[in-house]
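Dropping query.cif in here (mmCIF, C-alpha atoms (C1' of nucleotides)):
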```
data_query
loop_
_atom_site.label_atom_id
_atom_site.label_comp_id
_atom_site.auth_asym_id
_atom_site.auth_seq_id
_atom_site.Cartn_x
_atom_site.Cartn_y
_atom_site.Cartn_z
CA MET S 1 88.67 31.92 41.79
CA PRO S 2 87.80 30.91 38.27
CA LYS S 3 85.09 28.30 38.18
CA LEU S 4 84.86 26.51 34.85
CA GLY S 5 81.87 26.59 32.56
CA MET S 6 81.32 30.29 33.04
CA GLU S 7 80.79 31.07 29.38
CA PRO S 8 77.04 30.48 29.12
CA ILE S 9 76.42 32.20 32.44
CA ARG S 10 78.42 35.25 31.50
CA LYS S 11 76.86 35.43 28.06
CA GLU S 12 73.37 35.27 29.46
CA ALA S 13 74.15 37.95 32.02
CA LEU S 14 75.55 40.15 29.27
CA VAL S 15 72.53 39.66 27.04
CA LYS S 16 70.13 40.57 29.81
CA ALA S 17 72.23 43.54 30.85
CA THR S 18 72.31 44.71 27.24
CA ILE S 19 68.54 44.73 27.02
CA VAL S 20 68.23 46.58 30.29
CA GLU S 21 70.74 49.18 29.20
CA ILE S 22 69.14 49.67 25.82
CA GLY S 23 65.87 50.26 27.63
CA ARG S 24 67.52 52.68 30.00
CA VAL S 25 68.93 54.95 27.32
CA GLY S 26 66.37 54.19 24.65
CA SER S 27 68.83 53.52 21.88
CA LEU S 28 71.92 51.59 20.88
CA ASP S 29 74.09 54.32 22.35
CA VAL S 30 75.20 51.99 25.07
CA THR S 31 78.82 51.33 25.88
CA VAL S 32 80.25 47.90 26.38
CA SER S 33 81.48 49.12 29.74
CA GLN S 34 77.96 50.01 30.87
CA ILE S 35 76.71 46.62 29.81
CA ALA S 36 79.59 44.77 31.43
CA LYS S 37 79.26 46.75 34.63
CA ARG S 38 75.57 45.94 34.91
CA ALA S 39 76.37 42.31 34.22
CA GLY S 40 78.95 42.38 36.99
CA MET S 41 82.16 41.95 35.05
CA SER S 42 84.84 43.91 33.25
CA SER S 43 84.40 45.14 29.71
CA ALA S 44 87.40 43.08 28.70
CA LEU S 45 85.47 39.95 29.60
CA ALA S 46 82.52 41.02 27.52
CA HIS S 47 84.83 41.39 24.55
CA HIS S 48 86.41 38.07 25.40
CA TYR S 49 83.10 36.23 25.12
CA PHE S 50 81.41 38.13 22.32
CA GLY S 51 84.25 39.59 20.31
CA SER S 52 82.45 42.79 19.41
CA LYS S 53 79.66 45.07 20.42
CA GLU S 54 77.62 44.13 17.39
CA GLU S 55 77.70 40.48 18.38
CA ILE S 56 76.38 41.44 21.79
CA PHE S 57 73.50 43.33 20.21
CA LEU S 58 72.65 40.46 17.91
CA ALA S 59 72.65 38.03 20.83
CA ALA S 60 70.31 40.39 22.66
CA MET S 61 68.03 40.51 19.65
CA ARG S 62 67.96 36.74 19.45
CA HIS S 63 67.04 36.65 23.10
CA ILE S 64 64.14 39.04 22.66
CA LEU S 65 62.83 37.01 19.73
CA THR S 66 63.23 33.82 21.72
CA LEU S 67 61.24 35.28 24.60
CA TYR S 68 58.51 36.38 22.24
CA GLY S 69 58.48 32.97 20.58
CA ALA S 70 58.17 31.25 23.93
CA GLU S 71 55.32 33.50 24.92
CA VAL S 72 53.43 32.68 21.75
CA ARG S 73 54.07 28.97 22.10
CA GLY S 74 52.89 29.04 25.69
CA ALA S 75 49.71 30.85 24.79
CA LEU S 76 49.09 28.51 21.87
CA ALA S 77 49.51 25.43 24.04
CA ALA S 78 46.70 26.58 26.30
CA ALA S 79 44.35 27.41 23.46
CA ASP S 80 41.90 25.01 21.89
CA GLY S 81 40.59 25.39 18.39
CA PRO S 82 41.50 27.87 15.64
CA ASP S 83 39.53 30.70 17.15
CA ALA S 84 41.14 30.49 20.57
CA ARG S 85 44.56 29.97 19.01
CA LEU S 86 44.23 33.05 16.84
CA ASN S 87 43.17 35.00 19.89
CA ALA S 88 46.23 33.78 21.75
CA VAL S 89 48.62 34.81 18.98
CA LEU S 90 47.13 38.27 18.71
CA ARG S 91 47.15 38.85 22.44
CA ALA S 92 50.74 37.69 22.77
CA SER S 93 51.97 40.66 20.74
CA PHE S 94 50.39 43.06 23.19
CA SER S 95 51.21 41.38 26.45
CA PRO S 96 52.54 43.52 29.30
CA GLY S 97 56.00 42.08 28.71
CA ASN S 98 56.13 43.63 25.24
CA PHE S 99 55.31 47.03 26.70
CA ARG S 100 58.15 47.03 29.18
CA ARG S 101 60.58 49.82 28.52
CA GLU S 102 63.36 47.42 27.60
CA ALA S 103 61.26 45.50 25.14
CA VAL S 104 60.02 48.64 23.44
CA SER S 105 63.50 50.06 23.03
CA ALA S 106 64.77 46.73 21.86
CA TRP S 107 62.17 46.45 19.12
CA LEU S 108 62.55 50.01 17.91
CA THR S 109 66.32 49.88 17.83
CA PHE S 110 66.32 46.46 16.18
CA TRP S 111 64.19 47.85 13.40
CA VAL S 112 66.86 50.49 12.92
CA LEU S 113 69.61 47.87 13.00
CA ALA S 114 67.77 45.78 10.45
CA GLN S 115 68.32 48.50 7.89
CA THR S 116 72.03 47.96 7.77
CA VAL S 117 73.00 44.74 9.56
CA PRO S 118 72.10 41.70 7.44
CA GLU S 119 71.93 39.35 10.41
CA ALA S 120 69.47 41.66 12.15
CA ARG S 121 67.33 41.75 9.05
CA ARG S 122 67.44 37.99 8.85
CA LEU S 123 66.29 37.64 12.46
CA LEU S 124 63.44 40.03 11.88
CA ALA S 125 62.42 38.04 8.83
CA VAL S 126 62.40 34.87 10.90
CA TYR S 127 60.06 36.49 13.40
CA GLN S 128 57.74 37.72 10.69
CA ARG S 129 57.61 34.36 8.98
CA ARG S 130 56.83 32.64 12.25
CA LEU S 131 54.05 35.08 13.04
CA ARG S 132 52.64 34.68 9.56
CA SER S 133 52.75 30.93 9.77
CA ASN S 134 51.02 30.96 13.15
CA LEU S 135 48.31 33.20 11.83
CA LEU S 136 47.87 31.14 8.71
CA SER S 137 47.46 27.87 10.53
CA CYS S 138 44.55 29.38 12.44
CA LEU S 139 43.09 31.26 9.53
CA ARG S 140 43.07 28.58 6.88
CA PRO S 141 40.34 26.55 8.55
CA MET S 142 38.25 29.67 8.94
CA ALA S 143 39.05 31.66 5.83
CA GLY S 144 40.36 29.24 3.23
CA ALA S 145 41.91 30.95 0.28
CA ARG S 146 41.60 34.38 1.82
CA ALA S 147 43.75 33.36 4.77
CA GLU S 148 46.92 34.74 3.26
CA ALA S 149 45.60 38.20 2.66
CA ILE S 150 44.06 38.33 6.12
CA ALA S 151 47.29 37.16 7.73
CA ASP S 152 49.24 39.87 5.94
CA GLY S 153 46.74 42.47 7.05
CA LEU S 154 46.84 41.28 10.62
CA GLY S 155 50.63 41.24 10.61
CA ALA S 156 50.91 44.81 9.41
CA LEU S 157 48.19 45.91 11.77
CA ILE S 158 49.99 44.32 14.69
CA ASP S 159 53.19 46.23 13.94
CA GLY S 160 51.37 49.50 13.34
CA LEU S 161 49.25 49.25 16.46
CA TYR S 162 52.29 48.35 18.52
CA LEU S 163 54.21 51.32 17.19
CA ARG S 164 51.37 53.68 17.97
CA GLU S 165 50.79 52.30 21.43
CA VAL S 166 54.41 52.60 22.47
CA LEU S 167 54.99 56.04 21.01
CA LYS S 168 51.83 57.74 22.18
CA SER S 169 51.96 59.70 25.39
CA GLY S 170 50.41 58.00 28.36
CA PRO S 171 50.45 54.32 29.18
CA PRO S 172 49.92 51.90 26.31
CA ASP S 173 46.59 50.15 26.04
CA GLY S 174 47.12 46.59 24.88
CA PRO S 175 43.52 45.42 25.09
CA SER S 176 42.25 48.18 22.84
CA ALA S 177 44.85 47.22 20.26
CA VAL S 178 43.70 43.62 20.46
CA ALA S 179 40.11 44.80 20.11
CA MET S 180 41.02 46.57 16.90
CA LEU S 181 42.63 43.40 15.58
CA LEU S 182 39.57 41.33 16.43
CA GLU S 183 37.33 43.85 14.76
CA TYR S 184 39.46 43.62 11.63
CA LEU S 185 39.19 39.88 11.79
CA ARG S 186 35.45 40.00 12.37
CA ILE S 187 34.68 42.05 9.30
CA GLN S 188 37.07 39.99 7.23
CA MET S 189 35.22 36.86 8.25
CA LYS S 190 31.84 38.39 7.59
CA GLU S 191 33.18 39.20 4.14
CA GLN S 192 33.69 35.48 3.70
CA THR S 193 29.95 34.89 3.33
CA ARG S 194 29.53 37.43 0.58
CA MET G 1 83.85 86.98 1.71
CA PRO G 2 81.00 86.93 4.17
CA LYS G 3 77.72 87.67 2.50
CA LEU G 4 74.97 88.62 4.90
CA GLY G 5 71.77 86.66 5.39
CA MET G 6 73.57 83.36 5.36
CA GLU G 7 71.76 81.89 8.34
CA PRO G 8 68.72 80.43 6.58
CA ILE G 9 70.84 79.18 3.70
CA ARG G 10 73.33 77.48 6.01
CA LYS G 11 70.60 76.00 8.15
CA GLU G 12 68.79 74.58 5.18
CA ALA G 13 72.00 73.09 3.83
CA LEU G 14 72.71 71.51 7.21
CA VAL G 15 69.23 70.05 7.49
CA LYS G 16 69.42 68.48 4.07
CA ALA G 17 72.92 67.20 4.70
CA THR G 18 71.76 65.71 7.98
CA ILE G 19 69.02 63.74 6.28
CA VAL G 20 71.40 62.50 3.61
CA GLU G 21 73.94 61.41 6.21
CA ILE G 22 71.35 59.67 8.34
CA GLY G 23 70.28 57.80 5.24
CA ARG G 24 73.85 56.95 4.43
CA VAL G 25 74.65 55.33 7.76
CA GLY G 26 71.11 54.26 8.62
CA SER G 27 71.11 55.66 12.12
CA LEU G 28 71.75 58.72 14.22
CA ASP G 29 75.41 57.75 14.48
CA VAL G 30 76.36 60.69 12.39
CA THR G 31 78.95 63.22 13.41
CA VAL G 32 78.47 66.93 13.19
CA SER G 33 81.64 67.04 11.12
CA GLN G 34 80.22 64.65 8.54
CA ILE G 35 77.08 66.73 8.29
CA ALA G 36 78.96 69.99 8.09
CA LYS G 37 81.34 68.67 5.50
CA ARG G 38 78.51 67.51 3.27
CA ALA G 39 76.87 70.88 3.73
CA GLY G 40 80.10 72.57 2.68
CA MET G 41 81.14 74.26 5.90
CA SER G 42 83.10 73.72 9.06
CA SER G 43 81.63 71.88 12.01
CA ALA G 44 82.13 74.99 14.09
CA LEU G 45 79.66 76.81 11.88
CA ALA G 46 77.10 74.07 12.34
CA HIS G 47 77.39 74.50 16.07
CA HIS G 48 77.24 78.24 15.64
CA TYR G 49 73.88 78.07 13.93
CA PHE G 50 72.24 75.18 15.74
CA GLY G 51 73.94 75.10 19.13
CA SER G 52 73.90 71.35 19.48
CA LYS G 53 73.64 68.14 17.57
CA GLU G 54 70.21 67.42 18.97
CA GLU G 55 68.88 70.70 17.61
CA ILE G 56 70.18 69.73 14.18
CA PHE G 57 68.32 66.41 14.36
CA LEU G 58 65.11 68.06 15.45
CA ALA G 59 65.35 70.56 12.62
CA ALA G 60 65.84 67.65 10.22
CA MET G 61 62.81 65.91 11.65
CA ARG G 62 60.73 69.05 11.22
CA HIS G 63 61.90 69.21 7.63
CA ILE G 64 60.86 65.64 6.90
CA LEU G 65 57.45 66.24 8.41
CA THR G 66 57.10 69.44 6.45
CA LEU G 67 57.92 67.65 3.21
CA TYR G 68 55.38 64.96 3.98
CA GLY G 69 52.79 67.57 4.87
CA ALA G 70 53.40 69.39 1.60
CA GLU G 71 53.07 66.17 -0.34
CA VAL G 72 49.73 65.42 1.27
CA ARG G 73 48.48 68.95 0.74
CA GLY G 74 49.52 68.83 -2.89
CA ALA G 75 47.75 65.55 -3.47
CA LEU G 76 44.65 66.77 -1.67
CA ALA G 77 44.48 69.92 -3.74
CA ALA G 78 44.25 67.87 -6.93
CA ALA G 79 41.58 65.53 -5.57
CA ASP G 80 37.87 66.08 -5.85
CA GLY G 81 35.37 64.54 -3.48
CA PRO G 82 35.88 62.49 -0.31
CA ASP G 83 36.74 59.34 -2.16
CA ALA G 84 39.48 60.84 -4.27
CA ARG G 85 40.79 62.79 -1.31
CA LEU G 86 41.03 59.68 0.81
CA ASN G 87 42.86 57.96 -1.99
CA ALA G 88 45.28 60.82 -2.21
CA VAL G 89 46.07 60.75 1.51
CA LEU G 90 46.66 57.03 1.50
CA ARG G 91 48.86 57.11 -1.58
CA ALA G 92 50.93 59.98 -0.19
CA SER G 93 52.27 57.76 2.60
CA PHE G 94 53.63 55.30 0.06
CA SER G 95 54.99 57.66 -2.54
CA PRO G 96 58.45 56.96 -3.92
CA GLY G 97 59.83 59.83 -1.89
CA ASN G 98 58.95 58.05 1.33
CA PHE G 99 60.85 54.98 0.19
CA ARG G 100 64.06 56.81 -0.45
CA ARG G 101 66.84 55.59 1.74
CA GLU G 102 67.11 58.89 3.59
CA ALA G 103 63.41 59.09 4.31
CA VAL G 104 63.30 55.52 5.60
CA SER G 105 66.23 56.03 7.92
CA ALA G 106 64.82 59.32 9.06
CA TRP G 107 61.48 57.82 10.03
CA LEU G 108 62.96 54.81 11.78
CA THR G 109 65.47 56.82 13.75
CA PHE G 110 62.91 59.47 14.61
CA TRP G 111 60.73 56.79 16.10
CA VAL G 112 63.66 55.82 18.26
CA LEU G 113 64.31 59.43 19.14
CA ALA G 114 60.68 59.94 20.09
CA GLN G 115 61.11 57.52 22.97
CA THR G 116 63.38 59.84 24.87
CA VAL G 117 63.31 63.32 23.36
CA PRO G 118 60.07 65.12 24.24
CA GLU G 119 60.26 67.47 21.29
CA ALA G 120 60.61 64.53 18.92
CA ARG G 121 57.58 62.88 20.48
CA ARG G 122 55.65 66.10 20.12
CA LEU G 123 56.49 66.37 16.42
CA LEU G 124 55.43 62.81 15.82
CA ALA G 125 52.15 63.48 17.61
CA VAL G 126 51.57 66.47 15.37
CA TYR G 127 52.05 64.31 12.31
CA GLN G 128 49.69 61.66 13.61
CA ARG G 129 47.02 64.19 14.47
CA ARG G 130 47.25 65.73 11.05
CA LEU G 131 46.97 62.40 9.33
CA ARG G 132 44.02 61.47 11.52
CA SER G 133 42.30 64.73 10.82
CA ASN G 134 42.82 64.35 7.08
CA LEU G 135 41.40 60.86 7.16
CA LEU G 136 38.45 61.90 9.28
CA SER G 137 37.42 64.74 7.03
CA CYS G 138 37.15 62.27 4.17
CA LEU G 139 35.62 59.49 6.18
CA ARG G 140 32.90 61.34 7.99
CA PRO G 141 30.79 61.92 4.90
CA MET G 142 31.13 58.25 3.97
CA ALA G 143 31.14 56.52 7.33
CA GLY G 144 29.50 58.86 9.83
CA ALA G 145 29.94 57.72 13.39
CA ARG G 146 32.26 54.89 12.47
CA ALA G 147 34.72 57.31 10.87
CA GLU G 148 36.90 57.54 13.97
CA ALA G 149 37.43 53.82 14.33
CA ILE G 150 38.17 53.46 10.64
CA ALA G 151 40.64 56.35 10.74
CA ASP G 152 42.47 54.78 13.66
CA GLY G 153 42.62 51.47 11.86
CA LEU G 154 43.88 53.07 8.68
CA GLY G 155 46.49 55.04 10.61
CA ALA G 156 47.90 51.98 12.29
CA LEU G 157 47.75 50.01 9.06
CA ILE G 158 49.69 52.73 7.27
CA ASP G 159 52.50 52.64 9.83
CA GLY G 160 52.59 48.85 9.92
CA LEU G 161 52.58 48.45 6.16
CA TYR G 162 55.27 51.08 5.81
CA LEU G 163 57.44 49.34 8.36
CA ARG G 164 57.07 46.01 6.61
CA GLU G 165 57.71 47.42 3.18
CA VAL G 166 60.90 49.17 4.18
CA LEU G 167 62.32 46.32 6.24
CA LYS G 168 61.58 43.45 3.92
CA SER G 169 64.28 42.35 1.56
CA GLY G 170 63.86 43.42 -1.99
CA PRO G 171 62.44 46.69 -3.24
CA PRO G 172 59.37 48.05 -1.44
CA ASP G 173 56.03 47.80 -3.19
CA GLY G 174 54.02 50.91 -2.47
CA PRO G 175 51.02 50.10 -4.66
CA SER G 176 50.39 46.78 -2.97
CA ALA G 177 50.40 48.52 0.40
CA VAL G 178 47.89 51.01 -0.91
CA ALA G 179 45.81 48.14 -2.25
CA MET G 180 45.70 46.60 1.19
CA LEU G 181 44.55 49.90 2.65
CA LEU G 182 41.80 50.23 0.07
CA GLU G 183 40.68 46.69 0.72
CA TYR G 184 40.46 47.48 4.42
CA LEU G 185 38.44 50.53 3.58
CA ARG G 186 36.19 48.62 1.22
CA ILE G 187 35.14 46.03 3.74
CA GLN G 188 34.72 48.67 6.40
CA MET G 189 32.34 50.53 4.12
CA LYS G 190 30.46 47.40 3.21
CA GLU G 191 30.03 46.87 6.93
CA GLN G 192 28.29 50.24 7.01
CA THR G 193 25.20 48.77 5.34
CA ARG G 194 24.83 45.96 7.88
"C1'" DA V 1 104.63 17.83 38.62
"C1'" DA V 2 104.48 19.98 34.50
"C1'" DG V 3 101.71 21.73 30.98
"C1'" DT V 4 97.36 23.30 29.11
"C1'" DT V 5 93.04 25.38 29.04
"C1'" DT V 6 89.64 28.67 30.95
"C1'" DA V 7 88.49 32.83 33.59
"C1'" DT V 8 89.46 37.41 34.62
"C1'" DT V 9 90.95 42.20 34.83
"C1'" DG V 10 93.75 46.66 34.92
"C1'" DA V 11 96.11 49.26 32.03
"C1'" DC V 12 96.71 50.87 27.67
"C1'" DT V 13 96.23 52.23 22.62
"C1'" DC V 14 94.33 54.69 19.25
"C1'" DG V 15 90.79 56.86 17.70
"C1'" DT V 16 86.73 59.84 17.67
"C1'" DC V 17 83.75 63.51 18.66
"C1'" DA V 18 80.86 67.42 20.65
"C1'" DA V 19 81.59 71.71 21.92
"C1'" DT V 20 84.45 75.99 22.66
"C1'" DC V 21 87.41 79.77 21.52
"C1'" DA V 22 90.31 83.02 19.60
"C1'" DA V 23 90.95 85.22 15.60
"C1'" DC V 24 90.02 87.09 11.14
"C1'" DA V 25 87.05 89.28 7.49
"C1'" DA V 26 83.44 91.86 5.62
"C1'" DA V 27 79.27 94.36 5.75
"C1'" DA V 28 76.22 97.62 8.22
"C1'" DA V 29 75.36 101.11 11.55
"C1'" DA V 30 76.95 105.01 14.18
"C1'" DT L 1 85.58 106.24 10.20
"C1'" DT L 2 85.02 103.89 14.12
"C1'" DT L 3 82.10 100.45 16.03
"C1'" DT L 4 79.13 96.74 15.93
"C1'" DT L 5 77.12 92.91 13.96
"C1'" DT L 6 77.42 88.81 11.13
"C1'" DG L 7 79.97 85.04 8.99
"C1'" DT L 8 83.61 81.82 9.25
"C1'" DT L 9 87.22 78.51 10.53
"C1'" DG L 10 91.55 76.19 12.48
"C1'" DA L 11 92.99 74.69 16.54
"C1'" DT L 12 92.06 72.98 20.85
"C1'" DT L 13 89.86 70.91 24.84
"C1'" DG L 14 88.19 67.40 27.42
"C1'" DA L 15 86.01 63.47 27.48
"C1'" DC L 16 84.77 58.95 26.16
"C1'" DG L 17 84.89 54.44 23.98
"C1'" DA L 18 85.98 49.94 21.35
"C1'" DG L 19 89.12 46.68 21.31
"C1'" DT L 20 93.89 44.66 22.73
"C1'" DC L 21 97.24 42.70 25.77
"C1'" DA L 22 99.96 41.14 29.32
"C1'" DA L 23 99.59 39.17 33.54
"C1'" DT L 24 97.45 36.45 37.22
"C1'" DA L 25 95.16 32.50 38.89
"C1'" DA L 26 92.46 28.48 39.25
"C1'" DA L 27 91.12 24.22 37.42
"C1'" DC L 28 91.79 20.22 34.39
"C1'" DT L 29 94.95 16.92 31.75
"C1'" DT L 30 98.77 13.92 31.25
#
```

Could you quickly redo this structure as C-alpha cells?
Amino acid sequence: MPKLGMEPIRKEALVKATIVEIGRVGSLDVTVSQIAKRAGMSSALAHHYFGSKEEIFLAAMRHILTLYGAEVRGALAAADGPDARLNAVLRASFSPGNFRREAVSAWLTFWVLAQTVPEARRLLAVYQRRLRSNLLSCLRPMAGARAEAIADGLGALIDGLYLREVLKSGPPDGPSAVAMLLEYLRIQMKEQTR
Amino acid sequence: MPKLGMEPIRKEALVKATIVEIGRVGSLDVTVSQIAKRAGMSSALAHHYFGSKEEIFLAAMRHILTLYGAEVRGALAAADGPDARLNAVLRASFSPGNFRREAVSAWLTFWVLAQTVPEARRLLAVYQRRLRSNLLSCLRPMAGARAEAIADGLGALIDGLYLREVLKSGPPDGPSAVAMLLEYLRIQMKEQTR
DNA sequence: AAGTTTATTGACTCGTCAATCAACAAAAAA
DNA sequence: TTTTTTGTTGATTGACGAGTCAATAAACTT
C-alpha cells in the first residue's frame, strides 16, 4: 500500500530513531537494523533513502543542531535588550533538553566523529560560529572591543561546563552551570571599568 | 622461545598499540587483531593477557591518565611557589603531548566510554579530582575562600578550551589557551580586592 | 492500457570480529 | 626426569552487520 511522498516522513523517522538509539547505547555502535526497526521499517529502506550509515549519522547531527538553533532563536525572540538576550543564549545551552540522554550521547559522539569526518567537523564549526555570533551581538554593546575575548571565554566555558555536568555522577545541574557563566560575565564586565 | 616474565612487557606493548590505533582511526572502532598486530603478537595472546577488549581499553585509559599525572607531577616539582605551580598545572593540560593525535582521540573516546562504562567514569572522576586538588592547593594561599569556585571555573575552562583547540581546523594553539586561563585567573584575583 | 516512477521488503552476499581451543614449546619446580 | 607453569599461535566458532538485489505492489503519467 505504497502512499507517495513518503521520503521526508521516512527520513525524519530514521533521524529521530537514530538519535534515540545513539542515546540508548551511548555511542555510534548502532546498527542500521536497530535504527530501521525503531523507525518502523526495514533496514533496506533505510539504505534506500540515505545510502549509507554515515549519511544517517550526519542527518541526525544536522537535526540536533537544528533543534539547538531553534531553541536559541526561540529564547532570543522572547528576550529584550542585550542583557536578557545574553542570558537567554547562555541558558539555552543548559536547558533540560540538552541533558536528555540522547542529546548527551549525540554531542559526545559527534565530537568524536568530527575528528575524522569532514562534514561533521564543518557542522560543528557552523554551530560554534553561530554561538559566537549570538554572544558577540549581545556583548558588543556592553563590552565593546573586549567582546571578542569574552565571547571566546564564554564559548569554551559553555563546552567545558557541559562536559563536566554530563559526565559527573548524579543528575546534571544546569542552573549552577549558568550561574558560573554569569559570574564569569560579571567579573569580565567589572573589569571593563578598570 | 618463550622467555618468562613476558606478561608486563606484552601488556605494555598492547596498551601502547591500543592508543596508537585509537589515534589512527579516531574512535574505539579498533579490532583486537589490529592492536595485537601492531604490538607484534597474535590476537589470541591479547585475549590471553587481558581477557576482553574492554579491559584493553580500560588499561589504555589508565595509561593515558598515568602519563598525564606524571607530566603534572614533573612540572610541579620544578615550580616554586603557588604562582609558578599554578602555571605549571595549567600548562600541563596544553602540552604538545596532549595534542598528539593519539592523545586527542583517547580523550574524546574515553569521554564517550565514560557514559556507559562505570570503570571509565570512575577513572575520569579520579583525574578530575586530582586536577581540582592540584589547583586548590595553589589557589588557597592566593584566593582563600574563593579558591573552590575559581578551581571549578578553571577546570571547566581547561576542558572546554581543550575541546575547542582539538576540534577546530588548523593546528591547535596551546599557548593561547593557557593565556585565556591566565586571564581568567587574573581577573578573578583582581576581584579578590573588591 | 501500457509504461514509469516510488515504496517496500526478504533474502542474500561478503566480510568482519571477539572470543575460544587445541596444540606446541620452553622454562621452572618436583 | 617428570610435572607443572608460562608463553604462544593457527584455526575455528558463532555471531553479527553493511550494503545489494530481485521481486512485488501501488500510484501516477501518457

Atom CA of Ile64 of chain G and atom CA of Ala120 of chain G, how far apart in Å?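 We find that atom CA of Ala120 of chain G and atom CA of Ile64 of chain G lie 12.1 Å from each other.
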
Interatomic distance, atom CA of Val117 of chain S to atom CA of Val32 of chain S (Å, one decimal):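 Between atom CA of Val117 of chain S and atom CA of Val32 of chain S the gap works out to 18.6 Å.
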
Test item: the PyMOL selection byres ((chain L) within 12 of (chain G)) resolved as a PDB file with C-alpha atoms (C1' of nucleotides), in the coordinates of the input:
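The new file result.pdb reads:
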```
ATOM      1  C1'  DT L   5      77.120  92.910  13.960  1.00  0.00           C
ATOM      2  C1'  DT L   6      77.420  88.810  11.130  1.00  0.00           C
ATOM      3  C1'  DG L   7      79.970  85.040   8.990  1.00  0.00           C
ATOM      4  C1'  DT L   8      83.610  81.820   9.250  1.00  0.00           C
ATOM      5  C1'  DT L   9      87.220  78.510  10.530  1.00  0.00           C
ATOM      6  C1'  DG L  10      91.550  76.190  12.480  1.00  0.00           C
ATOM      7  C1'  DA L  11      92.990  74.690  16.540  1.00  0.00           C
TER       8       DA L  11
END
```

Picked residues, the PyMOL selection byres ((chain L and resi 17-26) around 10), as a list in words: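 Selected by the PyMOL selection byres ((chain L and resi 17-26) around 10) here: Met1, Pro2, Lys3, Leu4, Thr31, Val32, Ser33, Ser43, Ala44, His47, His48, Gly51, Ser52 and Lys53 of chain S; DT6, DA7, DT8, DT9, DG10, DA11, DC12, DT13, DC14, DG15 and DT16 of chain V; DA15, DC16, DA27 and DC28 of chain L.
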
Go through the shown structure with the PyMOL selection byres ((chain G) within 8 of (chain S)) and write out the matching residues as a tab-separated table (two decimals) with C-alpha atoms, keeping the file's coordinate frame.
```tsv
chain	number	residue	atom	x	y	z
G	25	VAL	CA	74.65	55.33	7.76
G	26	GLY	CA	71.11	54.26	8.62
G	27	SER	CA	71.11	55.66	12.12
G	105	SER	CA	66.23	56.03	7.92
G	108	LEU	CA	62.96	54.81	11.78
G	109	THR	CA	65.47	56.82	13.75
G	111	TRP	CA	60.73	56.79	16.10
G	112	VAL	CA	63.66	55.82	18.26
G	113	LEU	CA	64.31	59.43	19.14
G	114	ALA	CA	60.68	59.94	20.09
G	115	GLN	CA	61.11	57.52	22.97
G	116	THR	CA	63.38	59.84	24.87
G	121	ARG	CA	57.58	62.88	20.48
G	125	ALA	CA	52.15	63.48	17.61
G	153	GLY	CA	42.62	51.47	11.86
G	155	GLY	CA	46.49	55.04	10.61
G	156	ALA	CA	47.90	51.98	12.29
G	157	LEU	CA	47.75	50.01	9.06
G	158	ILE	CA	49.69	52.73	7.27
G	159	ASP	CA	52.50	52.64	9.83
G	160	GLY	CA	52.59	48.85	9.92
G	161	LEU	CA	52.58	48.45	6.16
G	163	LEU	CA	57.44	49.34	8.36
G	164	ARG	CA	57.07	46.01	6.61
G	167	LEU	CA	62.32	46.32	6.24
G	168	LYS	CA	61.58	43.45	3.92
G	180	MET	CA	45.70	46.60	1.19
G	187	ILE	CA	35.14	46.03	3.74
G	188	GLN	CA	34.72	48.67	6.40
G	191	GLU	CA	30.03	46.87	6.93
```

What gap, in Å, lies between atom CA of Asp173 of chain S and atom CA of Glu102 of chain S? 17.1 Å

Mind completing segment 11-19 of chain S with N, CA, C and O atoms? Output as an mmCIF file, in the frame of the given file, please?
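The resulting file, selection.cif, is shown below:
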```cif
data_model
loop_
_atom_site.group_PDB
_atom_site.id
_atom_site.type_symbol
_atom_site.label_atom_id
_atom_site.label_comp_id
_atom_site.auth_asym_id
_atom_site.auth_seq_id
_atom_site.Cartn_x
_atom_site.Cartn_y
_atom_site.Cartn_z
ATOM 1 N N LYS S 11 77.533 34.962 29.276
ATOM 2 C CA LYS S 11 76.860 35.430 28.060
ATOM 3 C C LYS S 11 75.411 35.806 28.363
ATOM 4 O O LYS S 11 74.920 36.844 27.908
ATOM 5 N N GLU S 12 74.761 34.966 29.152
ATOM 6 C CA GLU S 12 73.370 35.270 29.460
ATOM 7 C C GLU S 12 73.273 36.566 30.256
ATOM 8 O O GLU S 12 72.401 37.410 29.992
ATOM 9 N N ALA S 13 74.171 36.724 31.219
ATOM 10 C CA ALA S 13 74.150 37.950 32.020
ATOM 11 C C ALA S 13 74.365 39.173 31.120
ATOM 12 O O ALA S 13 73.716 40.217 31.290
ATOM 13 N N LEU S 14 75.274 39.031 30.160
ATOM 14 C CA LEU S 14 75.550 40.150 29.270
ATOM 15 C C LEU S 14 74.346 40.477 28.390
ATOM 16 O O LEU S 14 74.020 41.651 28.177
ATOM 17 N N VAL S 15 73.699 39.444 27.897
ATOM 18 C CA VAL S 15 72.530 39.660 27.040
ATOM 19 C C VAL S 15 71.434 40.382 27.813
ATOM 20 O O VAL S 15 70.864 41.372 27.338
ATOM 21 N N LYS S 16 71.181 39.917 29.019
ATOM 22 C CA LYS S 16 70.130 40.570 29.810
ATOM 23 C C LYS S 16 70.519 42.001 30.160
ATOM 24 O O LYS S 16 69.698 42.913 30.097
ATOM 25 N N ALA S 17 71.766 42.186 30.509
ATOM 26 C CA ALA S 17 72.230 43.540 30.850
ATOM 27 C C ALA S 17 72.125 44.460 29.632
ATOM 28 O O ALA S 17 71.769 45.638 29.763
ATOM 29 N N THR S 18 72.410 43.911 28.462
ATOM 30 C CA THR S 18 72.310 44.710 27.240
ATOM 31 C C THR S 18 70.894 45.219 27.046
ATOM 32 O O THR S 18 70.666 46.402 26.767
ATOM 33 N N ILE S 19 69.934 44.330 27.218
ATOM 34 C CA ILE S 19 68.540 44.730 27.020
ATOM 35 C C ILE S 19 68.128 45.777 28.044
ATOM 36 O O ILE S 19 67.470 46.768 27.707
#
```
